[in-house]
file entry-v8.cif (mmCIF, C-alpha atoms and all ligand atoms)
data_query
#
loop_
_atom_site.label_atom_id
_atom_site.label_comp_id
_atom_site.auth_asym_id
_atom_site.auth_seq_id
_atom_site.Cartn_x
_atom_site.Cartn_y
_atom_site.Cartn_z
CA MET A 5 38.32 27.02 10.90
CA ARG A 6 37.10 24.69 8.15
CA ASN A 7 35.04 21.60 8.74
CA LEU A 8 36.47 18.60 6.90
CA ASN A 9 34.21 15.59 6.47
CA VAL A 10 35.86 12.24 7.13
CA GLY A 11 34.85 8.89 5.67
CA LEU A 12 36.49 6.16 7.73
CA ILE A 13 36.72 2.66 6.27
CA GLY A 14 37.26 -0.07 8.87
CA GLY A 15 35.97 0.07 12.43
CA GLY A 16 38.38 -2.28 14.21
CA PHE A 17 41.44 -1.47 16.32
CA MET A 18 42.54 1.40 14.06
CA GLY A 19 38.98 2.59 13.49
CA LYS A 20 38.84 3.15 17.23
CA ALA A 21 42.22 4.89 17.37
CA HIS A 22 41.47 7.22 14.46
CA SER A 23 37.96 8.08 15.69
CA LEU A 24 39.42 8.98 19.08
CA ALA A 25 42.02 11.16 17.36
CA TYR A 26 39.41 13.04 15.30
CA ALA A 27 37.32 13.76 18.39
CA ALA A 28 40.27 14.73 20.58
CA MET A 29 42.58 16.57 18.16
CA PRO A 30 40.87 20.00 18.57
CA MET A 31 40.82 19.52 22.36
CA PHE A 32 44.63 19.39 22.36
CA PHE A 33 45.57 21.50 19.35
CA TRP A 34 43.59 24.72 19.65
CA PRO A 35 42.84 26.58 17.51
CA ALA A 36 42.71 23.44 15.43
CA PRO A 37 43.91 23.55 11.81
CA ALA A 38 40.48 22.18 10.81
CA GLN A 39 37.57 20.53 12.51
CA PRO A 40 37.34 16.82 11.54
CA VAL A 41 33.69 15.86 11.17
CA ARG A 42 33.03 12.14 11.67
CA LYS A 43 30.65 11.88 8.74
CA THR A 44 30.49 8.28 7.45
CA ILE A 45 31.99 5.00 8.61
CA ALA A 46 32.14 1.85 6.46
CA GLU A 47 32.28 -1.66 7.85
CA ALA A 48 32.04 -5.12 6.35
CA THR A 49 28.30 -5.62 7.07
CA PRO A 50 25.37 -3.24 7.73
CA GLU A 51 25.20 -4.44 11.37
CA LEU A 52 28.90 -3.84 11.97
CA ALA A 53 28.68 -0.47 10.22
CA ASP A 54 25.71 0.68 12.30
CA GLU A 55 27.41 -0.42 15.52
CA ALA A 56 30.65 1.32 14.52
CA ALA A 57 28.81 4.57 13.75
CA ARG A 58 27.13 4.60 17.16
CA ARG A 59 30.29 3.61 19.00
CA PHE A 60 32.71 5.95 17.23
CA GLY A 61 30.41 8.94 16.79
CA PHE A 62 29.80 8.95 13.04
CA GLU A 63 26.71 10.57 11.54
CA GLN A 64 26.01 7.69 9.15
CA SER A 65 27.23 4.26 8.16
CA THR A 66 27.54 2.03 5.12
CA SER A 67 28.56 -1.51 4.29
CA ASP A 68 29.91 -0.42 0.90
CA TRP A 69 33.03 1.73 1.11
CA ARG A 70 32.36 3.02 -2.43
CA THR A 71 29.51 5.07 -0.94
CA ILE A 72 32.18 7.13 0.80
CA ILE A 73 34.22 7.52 -2.39
CA ASP A 74 31.13 8.61 -4.34
CA ASP A 75 29.95 11.13 -1.74
CA PRO A 76 30.94 14.66 -2.88
CA GLU A 77 30.63 15.89 0.72
CA ILE A 78 33.49 13.67 1.91
CA ASP A 79 36.84 15.51 2.01
CA VAL A 80 39.04 12.87 3.64
CA VAL A 81 39.14 9.10 3.17
CA ASP A 82 40.69 7.21 6.07
CA ILE A 83 41.72 3.62 5.27
CA ALA A 84 41.79 1.44 8.39
CA THR A 85 41.04 -1.95 6.86
CA PRO A 86 43.30 -4.99 6.60
CA ASN A 87 46.14 -4.47 4.13
CA HIS A 88 44.68 -6.18 1.03
CA LEU A 89 42.06 -3.43 0.63
CA HIS A 90 44.40 -0.44 0.95
CA ALA A 91 45.38 -0.13 -2.71
CA GLU A 92 41.93 -0.46 -4.28
CA ILE A 93 40.38 2.02 -1.83
CA ALA A 94 43.23 4.53 -2.01
CA ILE A 95 43.32 4.58 -5.81
CA ALA A 96 39.54 5.07 -5.97
CA ALA A 97 39.77 7.84 -3.36
CA ALA A 98 42.53 9.62 -5.27
CA GLN A 99 40.53 9.43 -8.51
CA ALA A 100 37.60 10.99 -6.64
CA GLY A 101 39.83 13.85 -5.41
CA LYS A 102 39.83 12.97 -1.70
CA HIS A 103 42.68 13.56 0.73
CA ILE A 104 43.82 10.18 2.10
CA ILE A 105 45.25 8.83 5.30
CA CYS A 106 46.07 5.13 4.98
CA GLU A 107 47.18 2.75 7.68
CA LYS A 108 50.54 1.01 7.43
CA PRO A 109 51.92 -0.89 5.67
CA LEU A 110 50.91 1.16 2.64
CA ALA A 111 50.08 -2.09 0.81
CA ARG A 112 51.09 -5.74 0.55
CA THR A 113 53.94 -5.26 -1.95
CA GLY A 114 56.08 -2.66 -3.66
CA GLU A 115 54.05 -3.10 -6.83
CA GLU A 116 50.75 -2.30 -5.09
CA SER A 117 52.37 0.59 -3.25
CA LYS A 118 53.65 2.02 -6.53
CA ALA A 119 50.12 2.02 -7.97
CA MET A 120 48.94 3.96 -4.91
CA TYR A 121 51.79 6.45 -5.18
CA ASP A 122 51.18 6.89 -8.92
CA ALA A 123 47.53 7.72 -8.16
CA VAL A 124 48.45 10.67 -5.93
CA LYS A 125 51.84 11.90 -7.11
CA ASN A 126 50.73 14.49 -9.68
CA THR A 127 47.81 15.81 -7.65
CA ASP A 128 47.38 18.43 -4.92
CA LEU A 129 45.94 15.81 -2.60
CA VAL A 130 47.39 15.35 0.87
CA HIS A 131 48.32 11.71 1.41
CA MET A 132 49.74 10.16 4.54
CA VAL A 133 50.74 6.68 5.67
CA ALA A 134 50.07 6.16 9.35
CA PHE A 135 53.46 5.35 10.82
CA ASN A 136 52.37 7.06 14.02
CA TYR A 137 55.22 5.97 16.29
CA ARG A 138 57.52 8.61 14.83
CA ARG A 139 55.05 11.10 16.34
CA THR A 140 55.81 9.97 19.87
CA PRO A 141 57.24 13.18 21.35
CA ALA A 142 60.42 11.39 22.54
CA VAL A 143 61.04 10.15 18.99
CA ALA A 144 60.47 13.64 17.57
CA LEU A 145 62.92 14.90 20.22
CA ALA A 146 65.51 12.34 19.06
CA LYS A 147 65.03 13.68 15.53
CA LYS A 148 65.55 17.25 16.79
CA TYR A 149 68.79 16.31 18.58
CA ILE A 150 70.05 14.52 15.47
CA ASP A 151 69.15 17.44 13.18
CA GLU A 152 70.90 19.85 15.56
CA GLY A 153 74.03 17.71 15.37
CA ALA A 154 73.93 16.85 19.08
CA ILE A 155 75.22 13.31 18.51
CA GLY A 156 77.35 14.15 15.48
CA ARG A 157 77.52 11.94 12.41
CA ILE A 158 75.44 8.79 12.84
CA THR A 159 77.42 5.57 12.58
CA ASN A 160 75.03 2.90 13.87
CA PHE A 161 71.25 2.26 14.15
CA ARG A 162 69.90 -0.78 16.01
CA GLY A 163 66.13 -1.09 15.83
CA THR A 164 63.79 -3.76 17.17
CA TYR A 165 60.06 -4.36 17.28
CA LEU A 166 59.35 -7.33 19.53
CA GLN A 167 55.88 -8.44 20.66
CA ASP A 168 54.53 -11.67 22.13
CA TRP A 169 50.85 -11.71 21.21
CA SER A 170 51.32 -14.57 18.73
CA ALA A 171 53.93 -16.62 20.62
CA ASP A 172 51.28 -19.17 21.64
CA PRO A 173 50.65 -21.62 18.74
CA SER A 174 47.02 -22.00 19.86
CA SER A 175 46.32 -18.33 19.30
CA PRO A 176 44.11 -17.85 16.22
CA LEU A 177 44.86 -17.39 12.55
CA SER A 178 44.40 -13.63 12.39
CA TRP A 179 44.41 -12.04 8.94
CA ARG A 180 47.90 -10.91 9.95
CA PHE A 181 49.14 -14.51 9.28
CA GLN A 182 47.69 -14.75 5.78
CA LYS A 183 49.84 -13.54 2.91
CA SER A 184 46.87 -12.90 0.62
CA ILE A 185 45.55 -10.35 3.13
CA ALA A 186 48.60 -9.08 4.98
CA GLY A 187 51.33 -9.35 2.32
CA SER A 188 53.98 -10.40 4.82
CA GLY A 189 54.16 -11.20 8.54
CA ALA A 190 56.26 -9.55 11.21
CA LEU A 191 58.09 -7.69 8.44
CA GLY A 192 55.14 -5.74 7.04
CA ASP A 193 53.15 -5.59 10.24
CA ILE A 194 55.74 -4.27 12.67
CA GLY A 195 59.15 -4.31 10.95
CA THR A 196 57.86 -1.48 8.78
CA HIS A 197 57.50 0.75 11.86
CA VAL A 198 61.23 0.27 12.57
CA ILE A 199 62.12 0.89 8.94
CA ASP A 200 60.12 4.12 9.12
CA MET A 201 62.08 5.12 12.24
CA ALA A 202 65.37 4.28 10.52
CA ARG A 203 64.56 6.39 7.47
CA TYR A 204 63.20 9.26 9.62
CA LEU A 205 66.16 9.39 12.00
CA VAL A 206 69.13 8.19 9.96
CA GLY A 207 68.31 8.43 6.25
CA GLU A 208 67.73 6.29 3.21
CA VAL A 209 68.48 2.56 3.39
CA SER A 210 70.72 1.50 0.50
CA ALA A 211 71.14 -2.27 1.03
CA VAL A 212 69.96 -5.12 3.25
CA ASN A 213 71.12 -8.61 4.19
CA ALA A 214 68.31 -10.51 5.89
CA VAL A 215 67.09 -13.77 7.38
CA MET A 216 63.39 -14.62 7.77
CA SER A 217 61.75 -17.66 9.38
CA THR A 218 58.34 -19.09 10.17
CA PHE A 219 58.22 -21.29 13.26
CA ILE A 220 54.46 -21.68 13.79
CA THR A 221 53.16 -22.92 10.46
CA GLU A 222 49.48 -23.39 11.31
CA ARG A 223 46.99 -21.85 13.72
CA PRO A 224 43.35 -22.42 14.71
CA LEU A 225 40.84 -20.87 12.32
CA GLN A 226 38.57 -18.11 13.63
CA SER A 227 34.89 -18.16 12.91
CA GLY A 228 32.70 -15.06 12.80
CA GLY A 229 33.15 -11.93 14.85
CA ALA A 230 36.09 -9.57 14.98
CA ASP A 231 39.64 -10.62 14.14
CA SER A 232 41.42 -11.58 17.32
CA LEU A 233 45.01 -10.67 18.05
CA GLY A 234 46.59 -13.83 19.45
CA ALA A 235 46.80 -13.89 23.19
CA ALA A 236 43.46 -12.11 23.40
CA ARG A 237 41.72 -15.46 22.78
CA GLU A 238 42.87 -19.07 22.46
CA ILE A 239 40.70 -21.40 20.41
CA GLU A 240 40.60 -25.10 19.55
CA GLY A 241 39.40 -26.61 16.27
CA PRO A 242 40.42 -26.79 12.62
CA LYS A 243 43.64 -25.10 11.64
CA GLY A 244 44.78 -22.98 8.72
CA THR A 245 48.20 -22.35 7.22
CA VAL A 246 50.46 -19.50 8.25
CA ASP A 247 52.23 -18.41 5.06
CA VAL A 248 54.07 -15.34 6.34
CA ASP A 249 57.20 -14.75 8.39
CA ASP A 250 57.33 -15.00 12.18
CA GLU A 251 60.81 -13.54 12.43
CA VAL A 252 62.82 -11.09 10.38
CA MET A 253 66.33 -9.82 11.06
CA THR A 254 68.37 -7.74 8.68
CA LEU A 255 71.64 -5.90 8.52
CA VAL A 256 71.26 -2.52 6.86
CA ARG A 257 73.51 -0.06 5.10
CA PHE A 258 72.45 3.57 4.80
CA ASP A 259 73.29 6.00 1.99
CA ASN A 260 75.19 8.19 4.45
CA GLY A 261 77.57 5.38 5.43
CA ALA A 262 75.89 4.40 8.70
CA VAL A 263 75.32 0.69 9.34
CA GLY A 264 72.76 -1.04 11.48
CA SER A 265 70.31 -3.82 12.16
CA ILE A 266 66.54 -4.21 12.28
CA GLU A 267 64.61 -7.11 13.77
CA ALA A 268 60.95 -7.89 14.30
CA THR A 269 58.89 -10.71 15.75
CA ARG A 270 55.48 -11.14 17.34
CA ASN A 271 56.63 -14.31 19.17
CA ALA A 272 59.01 -12.91 21.82
CA HIS A 273 57.62 -14.00 25.20
CA GLY A 274 57.77 -11.10 27.64
CA ARG A 275 58.02 -8.37 25.01
CA ASN A 276 54.76 -6.49 24.52
CA ASN A 277 55.35 -3.46 22.36
CA PHE A 278 59.14 -3.38 22.48
CA LEU A 279 59.73 -0.90 19.68
CA THR A 280 63.24 0.36 20.34
CA PHE A 281 66.19 2.05 18.76
CA GLU A 282 69.73 2.77 19.84
CA ILE A 283 71.62 5.23 17.70
CA HIS A 284 75.33 5.91 17.98
CA GLY A 285 76.95 9.02 16.55
CA THR A 286 80.43 10.47 16.66
CA GLU A 287 79.34 12.87 19.45
CA GLY A 288 76.87 10.79 21.45
CA SER A 289 74.17 8.14 21.64
CA ILE A 290 70.35 8.09 21.87
CA VAL A 291 68.17 5.24 23.15
CA PHE A 292 64.35 4.92 22.92
CA ASN A 293 61.98 2.17 24.06
CA TYR A 294 58.26 2.64 23.30
CA GLU A 295 57.36 0.70 26.44
CA ARG A 296 58.83 3.72 28.30
CA ARG A 297 57.69 6.24 25.75
CA ASP A 298 57.93 9.38 27.92
CA GLU A 299 61.68 8.89 28.16
CA LEU A 300 64.63 9.52 25.90
CA GLN A 301 68.06 8.34 27.02
CA VAL A 302 70.96 10.43 25.81
CA CYS A 303 74.71 10.38 26.35
CA PHE A 304 77.01 13.04 24.96
CA ALA A 305 80.71 12.52 24.22
CA SER A 306 81.36 16.03 25.52
CA ASP A 307 80.19 15.14 29.05
CA LEU A 308 82.92 15.37 31.68
CA ALA A 309 84.60 11.99 32.07
CA ASP A 310 83.64 11.63 35.74
CA ARG A 311 79.90 12.08 35.00
CA LYS A 312 79.56 10.63 31.54
CA GLY A 313 76.70 8.19 31.04
CA PHE A 314 73.12 7.97 29.87
CA ARG A 315 70.71 10.55 31.29
CA THR A 316 66.93 10.37 31.01
CA VAL A 317 64.94 13.22 29.51
CA TYR A 318 61.19 13.00 30.29
CA THR A 319 59.19 14.61 27.52
CA GLY A 320 56.88 17.48 28.35
CA PRO A 321 55.98 21.04 27.34
CA ALA A 322 59.58 21.89 26.33
CA HIS A 323 59.62 19.19 23.68
CA PRO A 324 58.02 18.61 20.26
CA TYR A 325 54.19 18.91 20.39
CA GLY A 326 54.55 19.34 24.17
CA GLU A 327 52.82 22.70 24.54
CA SER A 328 49.59 21.21 23.19
CA LEU A 329 49.69 18.02 25.25
CA TRP A 330 49.96 17.94 29.04
CA PRO A 331 51.23 20.74 31.35
CA ILE A 332 54.16 18.98 33.06
CA PRO A 333 56.65 16.32 31.90
CA ALA A 334 56.08 12.59 32.47
CA LEU A 335 52.31 12.76 32.98
CA GLY A 336 52.19 9.98 30.42
CA ILE A 337 52.00 9.92 26.66
CA GLY A 338 49.88 7.08 25.31
CA TYR A 339 49.17 5.41 22.00
CA GLY A 340 46.16 7.74 21.64
CA GLU A 341 48.35 10.83 21.75
CA THR A 342 50.49 9.57 18.86
CA LYS A 343 47.33 9.29 16.76
CA ILE A 344 46.07 12.71 17.89
CA ILE A 345 49.39 14.26 16.84
CA GLU A 346 49.21 12.37 13.54
CA ALA A 347 45.71 13.78 12.93
CA PHE A 348 46.97 17.29 13.79
CA ASP A 349 49.80 17.06 11.24
CA PHE A 350 47.52 15.56 8.59
CA PHE A 351 44.79 18.19 8.96
CA SER A 352 47.39 20.97 9.20
CA ALA A 353 48.78 19.88 5.84
CA ILE A 354 45.30 19.99 4.28
CA ALA A 355 44.52 23.40 5.82
CA ASN A 356 47.86 24.86 4.72
CA GLY A 357 47.97 23.23 1.28
CA GLU A 358 51.24 21.46 2.13
CA SER A 359 52.47 17.90 1.94
CA VAL A 360 53.04 15.80 5.03
CA SER A 361 55.48 13.07 5.94
CA PRO A 362 55.38 10.09 5.97
CA ASN A 363 53.34 10.10 2.79
CA PHE A 364 52.69 7.60 0.01
CA ALA A 365 56.19 8.15 -1.38
CA ASP A 366 57.59 7.12 2.01
CA GLY A 367 55.19 4.19 2.23
CA TYR A 368 56.25 3.04 -1.23
CA GLN A 369 59.96 3.37 -0.39
CA VAL A 370 59.40 1.32 2.80
CA ALA A 371 57.65 -1.32 0.66
CA LEU A 372 60.68 -1.46 -1.65
CA ILE A 373 62.88 -2.04 1.41
CA ASP A 374 60.49 -4.85 2.47
CA ASP A 375 60.73 -6.41 -0.99
CA ALA A 376 64.54 -6.20 -0.84
CA ILE A 377 64.53 -7.85 2.62
CA ILE A 378 62.40 -10.74 1.30
CA ASP A 379 64.62 -11.04 -1.76
CA SER A 380 67.75 -11.04 0.41
CA ALA A 381 66.38 -13.69 2.79
CA GLN A 382 65.50 -15.91 -0.17
CA SER A 383 68.78 -15.41 -2.04
CA ASP A 384 71.02 -15.31 1.05
CA THR A 385 72.88 -12.25 -0.25
CA TRP A 386 73.09 -8.50 0.17
CA VAL A 387 70.38 -6.79 -1.94
CA LYS A 388 70.47 -3.15 -3.03
CA VAL A 389 67.27 -1.22 -2.41
CA PRO A 390 65.89 0.53 -5.50
CA ARG A 391 64.93 4.19 -5.07
CA ILE A 392 61.49 5.40 -6.11
CA GLU A 393 61.20 7.67 -9.10
CA ASN A 394 59.52 10.97 -8.23
P1 LIG B 401 41.07 -5.02 12.62
O1 LIG B 401 40.96 -6.41 12.11
O2 LIG B 401 40.95 -4.75 14.08
O3 LIG B 401 39.99 -4.07 11.92
C1 LIG B 401 39.81 -4.05 10.53
C2 LIG B 401 38.34 -3.76 10.29
O4 LIG B 401 38.13 -3.62 8.89
C3 LIG B 401 37.44 -4.87 10.79
O5 LIG B 401 36.52 -4.38 11.73
C4 LIG B 401 36.80 -5.39 9.53
O6 LIG B 401 35.45 -5.83 9.72
C5 LIG B 401 36.86 -4.15 8.64
N1 LIG B 401 36.68 -4.47 7.23
C6 LIG B 401 37.09 -5.56 6.57
N2 LIG B 401 36.68 -5.51 5.29
C7 LIG B 401 36.02 -4.33 5.14
C8 LIG B 401 35.36 -3.71 4.05
N3 LIG B 401 35.29 -4.27 2.84
N4 LIG B 401 34.76 -2.51 4.26
C9 LIG B 401 34.81 -1.92 5.48
N5 LIG B 401 35.42 -2.48 6.56
C10 LIG B 401 36.01 -3.68 6.38
O7 LIG B 401 42.44 -4.48 12.04
P2 LIG B 401 43.29 -3.26 12.60
O8 LIG B 401 44.19 -3.74 13.67
O9 LIG B 401 42.41 -2.10 12.85
O10 LIG B 401 44.21 -3.00 11.32
C11 LIG B 401 43.76 -2.21 10.23
C12 LIG B 401 44.96 -1.61 9.52
O11 LIG B 401 45.65 -0.80 10.45
C13 LIG B 401 45.98 -2.61 9.01
O12 LIG B 401 46.52 -2.14 7.81
C14 LIG B 401 47.04 -2.65 10.09
O13 LIG B 401 48.31 -3.01 9.61
C15 LIG B 401 47.01 -1.23 10.58
N6 LIG B 401 47.39 -1.05 11.98
C16 LIG B 401 48.22 -0.03 12.30
C17 LIG B 401 48.59 0.22 13.60
C18 LIG B 401 49.53 1.35 13.90
O14 LIG B 401 50.10 1.36 15.00
N7 LIG B 401 49.69 2.33 13.03
C19 LIG B 401 48.07 -0.60 14.71
C20 LIG B 401 47.16 -1.64 14.27
C21 LIG B 401 46.85 -1.84 12.94
C1 LIG B 402 49.97 -6.09 15.77
O1 LIG B 402 51.28 -6.55 15.63
C2 LIG B 402 49.93 -4.58 15.84
O2 LIG B 402 48.59 -4.21 16.04
C3 LIG B 402 50.43 -3.94 14.54
O3 LIG B 402 49.58 -4.22 13.45
C4 LIG B 402 50.58 -2.44 14.73
O4 LIG B 402 51.12 -1.82 13.59
C5 LIG B 402 51.41 -2.14 15.97
O5 LIG B 402 51.49 -0.78 16.15
C6 LIG B 402 50.80 -2.77 17.18
O6 LIG B 402 50.70 -4.15 16.95
#
call {"tool": "encode", "arguments": {"input": "entry-v8.cif", "output": "structure tokens"}}
result
Amino acid sequence: MRNLNVGLIGGGFMGKAHSLAYAAMPMFFWPAPAQPVRKTIAEATPELADEAARRFGFEQSTSDWRTIIDDPEIDVVDIATPNHLHAEIAIAAAQAGKHIICEKPLARTGEESKAMYDAVKNTDLVHMVAFNYRRTPAVALAKKYIDEGAIGRITNFRGTYLQDWSADPSSPLSWRFQKSIAGSGALGDIGTHVIDMARYLVGEVSAVNAVMSTFITERPLQSGGADSLGAAREIEGPKGTVDVDDEVMTLVRFDNGAVGSIEATRNAHGRNNFLTFEIHGTEGSIVFNYERRDELQVCFASDLADRKGFRTVYTGPAHPYGESLWPIPALGIGYGETKIIEAFDFFSAIANGESVSPNFADGYQVALIDDAIIDSAQSDTWVKVPRIEN
């Protein structure tokens, strides 16, 4: 088993999740495809970097991410910074011949995403964009049922991602509300997870017809310290402008003829991480809700009429990734497990010299769908989604 040295850039929420995954992946998936070595972590200041190294188990730290790029011992660059840094870091990492895992959204715009894809597309590098929710075992099970034809030809996809952490107008101006850093609001931050699900489970999106709105146009500025996600802390004081969307809803058409809808907001009181889909096919239906992520609801048209209805399948050893997780169903899959599975698939691809999905091509295609949604909301019309050139 090879050791692969990781340089992780960004020691916030995702820095924690990825560090956990690197430590835990070989505990679950054994023999592991490779042993991730937590070599160097980069943070915004030397103090933050030193603290992150001690907390997340890295051998060394730096306040200049280019140190990681320039280090010939680093095999993997992990980008877990706010969105505005993704492109510059990823392109530098690709030029230095590093494998790359980059948090979602791939970048702020389609144009930036294209530059990232161009940097990796004619190389042997493994590149991945971290849409981890598709690695929830119940979602992978939905994909298996669909691929096996269990619900027939898909006719309808209804996806939502609803949260409430920013519903309070006195919650702070996180970088997630600033276009120059985030690119877009609910669309790029959480709508992209639903778009990834839609592409994974149904197929390519061909056209969109969207509305977008911003209801809370200013929020209190944060000073110093870590970025705070809304409800975690309410602050008084000077305010800054929110220049991204609070709400996005879009109708979608798929290449294969299916239709559907996608909506996202971070202002839905009572919804915490309500990432859901309901898929109808000619032979059945599938329903998933991340807040009950051990469960998949299925209904088959072939069920006898007097017992037809949704049944609940609890994921466990019989299901995707299940043999490596916990020994009986419904013990509880968490957010951490989705990142551990993601790390397993990423390191497997490196060890086997294969590509992995979702990769930068997928991240770029999602960004083109985002751009089309913004264009549609502004022009009040259906907009066709361009397809990336391979
Ligand atoms: P965060 O704000 O918690 O952490 C970002 C960290 O990057 C901060 O600690 C900040 O100090 C650091 N940073 C900023 N500039 C830096 C620089 N020049 N060099 C090194 N470090 C620097 O943000 P969070 O939530 O971890 O988000 C990071 C990325 O992960 C974003 O792209 C976000 O969209 C994505 N994300 C993905 C999730 C998923 O479920 N896949 C969940 C949460 C975030
Ligand atoms: C905030 O909306 C956030 O942290 C997103 O950035 C993540 O992508 C999502 O998985 C959880 O919520």
call {"tool": "closest_residue", "arguments": {"input": "entry-v8.cif", "among": "A:Gly288, A:Gly264, A:Gly313, A:Gly189", "to": "A:Ile378", "atoms": "all atoms listed in the file"}}
result
A:Gly189
call {"tool": "residues_around", "arguments": {"input": "entry-v8.cif", "residues": "stretch 87-95 of chain A", "least_positions_apart": "2", "cutoff": "8 Å", "atoms": "all atoms listed in the file", "output": "list in words"}}
result
Trp69, Ile83, Thr85, Ala97, Ala98, Gln99, Ile104, Cys106, Glu107, Lys108, Pro109, Leu110, Ala111, Arg112, Glu116, Ser117, Ala119, Met120, Ala123, Val124, Ser184, Ile185, Ala186 and Gly187 of chain A
call {"tool": "write_last_selection", "arguments": {"input": "entry-v8.cif", "atoms": "C-alpha atoms", "output": "PDB file, in the coordinates of the input"}}
result
ATOM      1  CA  TRP A  69      33.030   1.730   1.110  1.00  0.00           C
ATOM      2  CA  ILE A  83      41.720   3.620   5.270  1.00  0.00           C
ATOM      3  CA  THR A  85      41.040  -1.950   6.860  1.00  0.00           C
ATOM      4  CA  ALA A  97      39.770   7.840  -3.360  1.00  0.00           C
ATOM      5  CA  ALA A  98      42.530   9.620  -5.270  1.00  0.00           C
ATOM      6  CA  GLN A  99      40.530   9.430  -8.510  1.00  0.00           C
ATOM      7  CA  ILE A 104      43.820  10.180   2.100  1.00  0.00           C
ATOM      8  CA  CYS A 106      46.070   5.130   4.980  1.00  0.00           C
ATOM      9  CA  GLU A 107      47.180   2.750   7.680  1.00  0.00           C
ATOM     10  CA  LYS A 108      50.540   1.010   7.430  1.00  0.00           C
ATOM     11  CA  PRO A 109      51.920  -0.890   5.670  1.00  0.00           C
ATOM     12  CA  LEU A 110      50.910   1.160   2.640  1.00  0.00           C
ATOM     13  CA  ALA A 111      50.080  -2.090   0.810  1.00  0.00           C
ATOM     14  CA  ARG A 112      51.090  -5.740   0.550  1.00  0.00           C
ATOM     15  CA  GLU A 116      50.750  -2.300  -5.090  1.00  0.00           C
ATOM     16  CA  SER A 117      52.370   0.590  -3.250  1.00  0.00           C
ATOM     17  CA  ALA A 119      50.120   2.020  -7.970  1.00  0.00           C
ATOM     18  CA  MET A 120      48.940   3.960  -4.910  1.00  0.00           C
ATOM     19  CA  ALA A 123      47.530   7.720  -8.160  1.00  0.00           C
ATOM     20  CA  VAL A 124      48.450  10.670  -5.930  1.00  0.00           C
ATOM     21  CA  SER A 184      46.870 -12.900   0.620  1.00  0.00           C
ATOM     22  CA  ILE A 185      45.550 -10.350   3.130  1.00  0.00           C
ATOM     23  CA  ALA A 186      48.600  -9.080   4.980  1.00  0.00           C
ATOM     24  CA  GLY A 187      51.330  -9.350   2.320  1.00  0.00           C
TER      25      GLY A 187
END
call {"tool": "residues_near_ligand", "arguments": {"input": "entry-v8.cif", "ligand": "ligand LIG 401 (chain B)", "cutoff": "6 Å", "atoms": "only C-alpha atoms and all ligand atoms", "output": "list in words"}}
result
Ile13, Gly14, Gly15, Gly16, Phe17, Met18, Gly19, Ala46, Glu47, Ala48, Trp69, Ala84, Thr85, Pro86, Asn87, Glu107, Lys108, Pro109, Ala134, Phe135, Asn136, Asp193 and Asp231 of chain A
call {"tool": "closest_residue", "arguments": {"input": "entry-v8.cif", "among": "A:Val387, A:Met29, A:Val41, A:Ile332", "to": "A:Leu12", "atoms": "only C-alpha atoms"}}
result
A:Val41
call {"tool": "residues_near_point", "arguments": {"input": "entry-v8.cif", "point": "(54.1, 7.2, 4.9)", "cutoff": "7 Å", "atoms": "all atoms listed in the file", "output": "PDB file with C-alpha atoms, keeping the file's coordinate frame"}}
result
ATOM      1  CA  MET A 132      49.740  10.160   4.540  1.00  0.00           C
ATOM      2  CA  VAL A 133      50.740   6.680   5.670  1.00  0.00           C
ATOM      3  CA  ALA A 134      50.070   6.160   9.350  1.00  0.00           C
ATOM      4  CA  PHE A 135      53.460   5.350  10.820  1.00  0.00           C
ATOM      5  CA  SER A 361      55.480  13.070   5.940  1.00  0.00           C
ATOM      6  CA  PRO A 362      55.380  10.090   5.970  1.00  0.00           C
ATOM      7  CA  ASN A 363      53.340  10.100   2.790  1.00  0.00           C
ATOM      8  CA  PHE A 364      52.690   7.600   0.010  1.00  0.00           C
ATOM      9  CA  ALA A 365      56.190   8.150  -1.380  1.00  0.00           C
ATOM     10  CA  ASP A 366      57.590   7.120   2.010  1.00  0.00           C
ATOM     11  CA  GLY A 367      55.190   4.190   2.230  1.00  0.00           C
TER      12      GLY A 367
END
call {"tool": "atom_distance", "arguments": {"input": "entry-v8.cif", "atom1": "atom CA of A:Ser306", "atom2": "atom CA of A:Phe281"}}
result
21.7 Å
call {"tool": "residues_near_point", "arguments": {"input": "entry-v8.cif", "point": "(79.0, 14.2, 26.9)", "cutoff": "12 Å", "atoms": "all atoms listed in the file", "output": "JSON, numbers by chain"}}
result
{"A": [154, 155, 156, 285, 286, 287, 288, 289, 290, 302, 303, 304, 305, 306, 307, 308, 309, 310, 311, 312, 313, 314, 315]}
call {"tool": "residues_around", "arguments": {"input": "entry-v8.cif", "residues": "A:Thr218", "least_positions_apart": "3", "cutoff": "9 Å", "atoms": "all atoms listed in the file", "output": "list in words"}}
result
Thr221, Val246, Asp247, Val248, Asp249, Asp250 and Glu251 of chain A
call {"tool": "closest_residue", "arguments": {"input": "entry-v8.cif", "among": "A:Leu329, A:Ala171, A:Ala334, A:Ala322", "to": "A:Phe348", "atoms": "all atoms listed in the file"}}
result
A:Leu329
call {"tool": "closest_residue", "arguments": {"input": "entry-v8.cif", "among": "A:Ala57, A:Asp259, A:Val370, A:Phe32", "to": "A:Ser328", "atoms": "all atoms listed in the file"}}
result
A:Phe32
call {"tool": "axis_aligned_box", "arguments": {"input": "entry-v8.cif", "around": "ligand LIG 402 (chain B)", "padding_each_side": "5 Å", "output": "JSON"}}
result
{"center_x": 50.0, "center_y": -3.7, "center_z": 15.3, "size_x": 12.9, "size_y": 15.8, "size_z": 13.7}
call {"tool": "closest_residue", "arguments": {"input": "entry-v8.cif", "among": "A:Ile78, A:Val252, A:Val130, A:Ala144", "to": "A:Ser359", "atoms": "all atoms listed in the file"}}
result
A:Val130
